[in-house]
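Visitor: Just dropping this structure here.
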Amino acid sequence: MSTTKTVTPFSRMLRPNPSAGEKRVFTGVVAHCQLMLESTGAVLDVVLPPDTSPLMVGRATSNMEQKVHVNLAPFNGTDLGVSRSHAHIERSGSRVFLRDLGSTNGTFINGDRLKPMHVYEIRHGDELQFGRLGAKMYVKSQT
C-alpha cells in the first residue's frame, strides 16, 4: 500500500535579498532533506543547518581537494555520468536550492536541465537527476 502526499507548489525564483522578517523567523531552522535514489531505493540524508556552506554532490575520490558531502560513487555514479564535482545543494532562509557546477552530463529538476552555475529551488517531491542517476528529493524544516 502506498501513500500519496499532496504538495503545494511555490515559485522557483530566488529572491536575492530575503526580508529582515524571514531572516529573523528562520534563524534557528534546520532544513532536513532526504534524497531517495531510483536505482537502489537508498535514502541519503542531507541536513542543512542555518548559515551552512553549500553541500557538494558528486563522486568522492582519494585525491580530491574538495569534500563531497553527498557521495554518489557507491551507487554506480561513475557509470551513470555523475561528475566528481557535480552540483551544490544550498539554502536561503527556509528554502533549498540546487546549482549545477558545470557537470559533463548535466543536472535536472523534473526533467528540465539546469543552466550551469544558476540556482534553482528544490521543492518537496521534485525528481532530480545527476547525469543519468535519478533521485527524488523530500524536503522538510525543523527547529
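Quick note on naming: the chains in the C-alpha cells go A, B, ... in the order shown, residues restart at 1 in each chain, and ligands are numbered from 1 in order of appearance.
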Would you kindly return, as a ChimeraX atom specification, each protein, DNA or RNA residue with an atom no farther than 7 Å from any atom of segment 47-60 of chain A, considering only C-alpha atoms and excluding same-chain residues fewer than 3 positions away?

Guide: /A:27-33,64,68-73,77,82-90

Visitor: Residues of segment 20-101 of chain A in strand (DSSP E) according to DSSP, as a PyMOL selection string?

Guide: chain A and resi 30-37+43-48+55-58+70-71+85-92+95-100

Visitor: Quick one: of A:Leu98, A:Leu133, A:Thr104, A:Ser92, who's nearest to Met117 of chain A, counting only C-alpha atoms?

Guide: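 Selected residue with least distance to Met117 of chain A: A:Leu98.
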
Visitor: Near Gly125 of chain A, counting only C-alpha atoms, which residues have an atom at most 8 Å away, once you skip same-chain residues fewer than 5 positions from it, shown as a list in words?

Guide: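 Residues meeting the cut-off are Val7, Lys136, Met137, Tyr138 and Val139 of chain A.
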
Visitor: Considering only C-alpha atoms, can you say which of A:Ile122, A:Asp79, A:Ala135, A:Glu127 comes closest to Val43 of chain A?

Guide: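 Looking at the shortest contact to Val43 of chain A, the residue is A:Ala135.
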
Visitor: What is the atom CA of Glu121 of chain A-atom CA of Val96 of chain A distance in Å, reported with one decimal?

Guide: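 Between atom CA of Glu121 of chain A and atom CA of Val96 of chain A the gap is 5.9 Å.
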
Visitor: Hey, can you check how far atom CA of Leu114 of chain A sits from atom CA of Leu101 of chain A?

Guide: 9.7 Å

Visitor: Which residue out of A:Gln129, A:Gly134, A:Arg99, A:His124 has the minimum interatomic distance to Asp112 of chain A when only C-alpha atoms are used?

Guide: A:Gln129
